[in-house]
Each structure stands twice: as structure tokens, then as C-alpha cells.
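A.B. asks: Supplied in C-alpha cells, the structure appears directly below.
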Amino acid sequence: QSTWGQQASSFFFLLPRARYCTVIVQMATETKVLRKPTFVKIDTLNPGSKGVNLVVKVDSISTVVDKSRPDGFRIRIAEAVVGDETGVITLRARNDQIDVCQPGNTIVIRNGKIEMFKGHMRLEVDKWGKIAPSTEAGTFVVNTSNDKSAVEYELVRVQ
């Protein structure tokens, strides 16, 4: 005893749900092929670089901040000098990243980015990146003569 208008409204009400369920099923069965990461060298880094992958050796590390919050959480920030055969740069490591960055260790940095700090470059790894120990020891000697963090950059406005 329903009219065409009532049938049509119930049909359109169910249509988006059916489409939504179909999309979920397609996404669950679809396998995505990941591409291999491209690793770069330190001498190719410049201000504004992001999404960089590096294999570097830790030369030295120094603690910048080591505080405890009232809720018991401990905040640790350290700056490590890391490098490869083309140069060195300062890496800002936070909390658990510091444990991986010990002098002499070879580490793999995934999805790092360059942040500017007082006109100097700092390599940082945020929550979307990863710092992990390398599975194989680095056979390269760190080139400390090309320090990318020692170069001061200035923002020039073009009118």
C-alpha cells in the first residue's frame, strides 16, 4: 500500500550505505604495492627538504633538554651530529630516538625533514618518520669537514 514516493525515498536512503559497503570491501581486498625508499646523501640536503631517507653514522650527541613534567612524563631532547662520506648535519632527537642515537652507531632515518633553527639547518624526524638502527655496519668514514648545519641561511624577501 506504499506510494512511489515512499519507495523512492527508502531506495535512496539505502543506496549510499550499499555504495559505502562496496567501497570497504574493495579496499580490504585490494593490495597496495609499496615503492622502495630512495636514500640520499647529506650534501644533497637543503632548507625545505622533506621526506628524506638517509643512512648515517652518529658522530657525537649532547643533551639539550631533560625535564620531568608534573604528570611524570619525561621530556628529553638531544642534538646529535650525524654524517656520511659527503658531510655532517645536526639531528634533533626526541625521547626514544635518543636511545638509538649513540656515538658510533649506524642508523637509518626514514621520512626526515629539514627545519630551520636560528638560520641553521636541523634534521628532524617527527611522528610520521622513523629512526632505527641499521642492520649492517656503515663502512664509510664520516666527513666532518662539510658541516651543513654550520652554514647560516638568511631569508631574503624579493619585492
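Letters for chains follow the order of the C-alpha cells (A, B, ...), residue numbers begin at 1 for each chain, and ligand numbers begin at 1 in the order shown.
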Write out as a tab-separated table a residue-level contact list of segment 63-109 of chain A versus segment 120-133 of chain A with cut-off 8 Å: for each qualifying residue the closest pair of atoms and the distance in Å to one decimal, counting only C-alpha atoms, rows sorted by chain and residue number upward.
C.D. replies:
```
residue	atom	partner	partner_atom	distance
A:Ile89	CA	A:Arg122	CA	6.9
A:Thr90	CA	A:Arg122	CA	5.4
A:Leu91	CA	A:Leu123	CA	4.6
A:Arg92	CA	A:Glu124	CA	5.3
A:Ala93	CA	A:Glu124	CA	6.9
A:Gln97	CA	A:Ile131	CA	6.4
A:Val100	CA	A:Pro133	CA	6.3
A:Asn105	CA	A:Pro133	CA	7.2
A:Thr106	CA	A:Pro133	CA	6.2
A:Ile107	CA	A:Pro133	CA	4.4
A:Val108	CA	A:Ala132	CA	5.3
A:Ile109	CA	A:Ile131	CA	4.7
```
A.B. asks: Name the residues in contact with segment 80-87 of chain A at a cut-off of 6 Å, using only C-alpha atoms, excluding same-chain residues fewer than 6 positions from it; report them as a ChimeraX atom specification.
C.D. replies: /A:42-43,56-61,140-144,146-147
A.B. asks: Output N, CA and C atoms for every residue in that selection, as a PDB file, in the first residue's frame.
C.D. replies:
```
ATOM      1  N   ILE A  42      73.996  13.454   2.536  1.00  0.00           N
ATOM      2  CA  ILE A  42      73.868  14.694   3.308  1.00  0.00           C
ATOM      3  C   ILE A  42      74.124  15.927   2.450  1.00  0.00           C
ATOM      4  N   ASP A  43      75.044  15.854   1.497  1.00  0.00           N
ATOM      5  CA  ASP A  43      75.356  17.043   0.704  1.00  0.00           C
ATOM      6  C   ASP A  43      74.209  17.474  -0.208  1.00  0.00           C
ATOM      7  N   VAL A  56      73.145   7.053   8.043  1.00  0.00           N
ATOM      8  CA  VAL A  56      74.198   7.892   8.604  1.00  0.00           C
ATOM      9  C   VAL A  56      74.825   7.223   9.821  1.00  0.00           C
ATOM     10  N   LYS A  57      75.989   7.738  10.192  1.00  0.00           N
ATOM     11  CA  LYS A  57      76.679   7.266  11.387  1.00  0.00           C
ATOM     12  C   LYS A  57      76.669   8.406  12.405  1.00  0.00           C
ATOM     13  N   VAL A  58      76.398   8.079  13.660  1.00  0.00           N
ATOM     14  CA  VAL A  58      76.348   9.078  14.727  1.00  0.00           C
ATOM     15  C   VAL A  58      77.774   9.390  15.160  1.00  0.00           C
ATOM     16  N   ASP A  59      78.154  10.680  15.090  1.00  0.00           N
ATOM     17  CA  ASP A  59      79.493  11.104  15.469  1.00  0.00           C
ATOM     18  C   ASP A  59      79.535  11.494  16.944  1.00  0.00           C
ATOM     19  N   SER A  60      78.583  12.318  17.384  1.00  0.00           N
ATOM     20  CA  SER A  60      78.517  12.723  18.790  1.00  0.00           C
ATOM     21  C   SER A  60      77.078  13.090  19.124  1.00  0.00           C
ATOM     22  N   ILE A  61      76.788  13.167  20.428  1.00  0.00           N
ATOM     23  CA  ILE A  61      75.446  13.519  20.876  1.00  0.00           C
ATOM     24  C   ILE A  61      75.554  14.329  22.159  1.00  0.00           C
ATOM     25  N   PHE A 140      81.605   3.484   5.753  1.00  0.00           N
ATOM     26  CA  PHE A 140      82.101   4.784   5.336  1.00  0.00           C
ATOM     27  C   PHE A 140      82.713   5.534   6.521  1.00  0.00           C
ATOM     28  N   VAL A 141      83.568   6.495   6.194  1.00  0.00           N
ATOM     29  CA  VAL A 141      84.160   7.375   7.203  1.00  0.00           C
ATOM     30  C   VAL A 141      83.412   8.699   7.138  1.00  0.00           C
ATOM     31  N   VAL A 142      82.995   9.211   8.282  1.00  0.00           N
ATOM     32  CA  VAL A 142      82.218  10.449   8.344  1.00  0.00           C
ATOM     33  C   VAL A 142      83.104  11.631   7.962  1.00  0.00           C
ATOM     34  N   ASN A 143      82.615  12.431   7.002  1.00  0.00           N
ATOM     35  CA  ASN A 143      83.334  13.612   6.529  1.00  0.00           C
ATOM     36  C   ASN A 143      82.890  14.811   7.365  1.00  0.00           C
ATOM     37  N   THR A 144      83.668  15.173   8.376  1.00  0.00           N
ATOM     38  CA  THR A 144      83.298  16.270   9.270  1.00  0.00           C
ATOM     39  C   THR A 144      83.677  17.635   8.703  1.00  0.00           C
ATOM     40  N   ASN A 146      82.586  18.993   5.926  1.00  0.00           N
ATOM     41  CA  ASN A 146      81.426  19.610   5.273  1.00  0.00           C
ATOM     42  C   ASN A 146      80.246  19.581   6.242  1.00  0.00           C
ATOM     43  N   ASP A 147      80.167  20.593   7.120  1.00  0.00           N
ATOM     44  CA  ASP A 147      79.100  20.673   8.119  1.00  0.00           C
ATOM     45  C   ASP A 147      77.957  21.511   7.570  1.00  0.00           C
TER      46      ASP A 147
END
```
A.B. asks: Among segment 30-117 of chain A, which residues does DSSP mark as alpha helix (DSSP H) when it is run on the backbone? Keep the chain and numbering as in the structure and answer as a PyMOL selection string.
C.D. replies: chain A and resi 96-100
A.B. asks: Kindly give the distance, in Å, that separates atom CA of Leu34 of chain A and atom CA of Val52 of chain A, rounded to a single decimal.
C.D. replies: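 If I compute the distance from atom CA of Leu34 of chain A to atom CA of Val52 of chain A, I get 16.3 Å.
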A.B. asks: Could you jot down the atom CA of Val151 of chain A to atom CA of Gly119 of chain A separation for me, Å, one decimal place?
C.D. replies: 8.3 Å
A.B. asks: I'd like the interatomic distance between atom CA of Asn111 of chain A and atom CA of Ile98 of chain A, to a tenth of an Å.
C.D. replies: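 Interatomic distance here is 17.0 Å.
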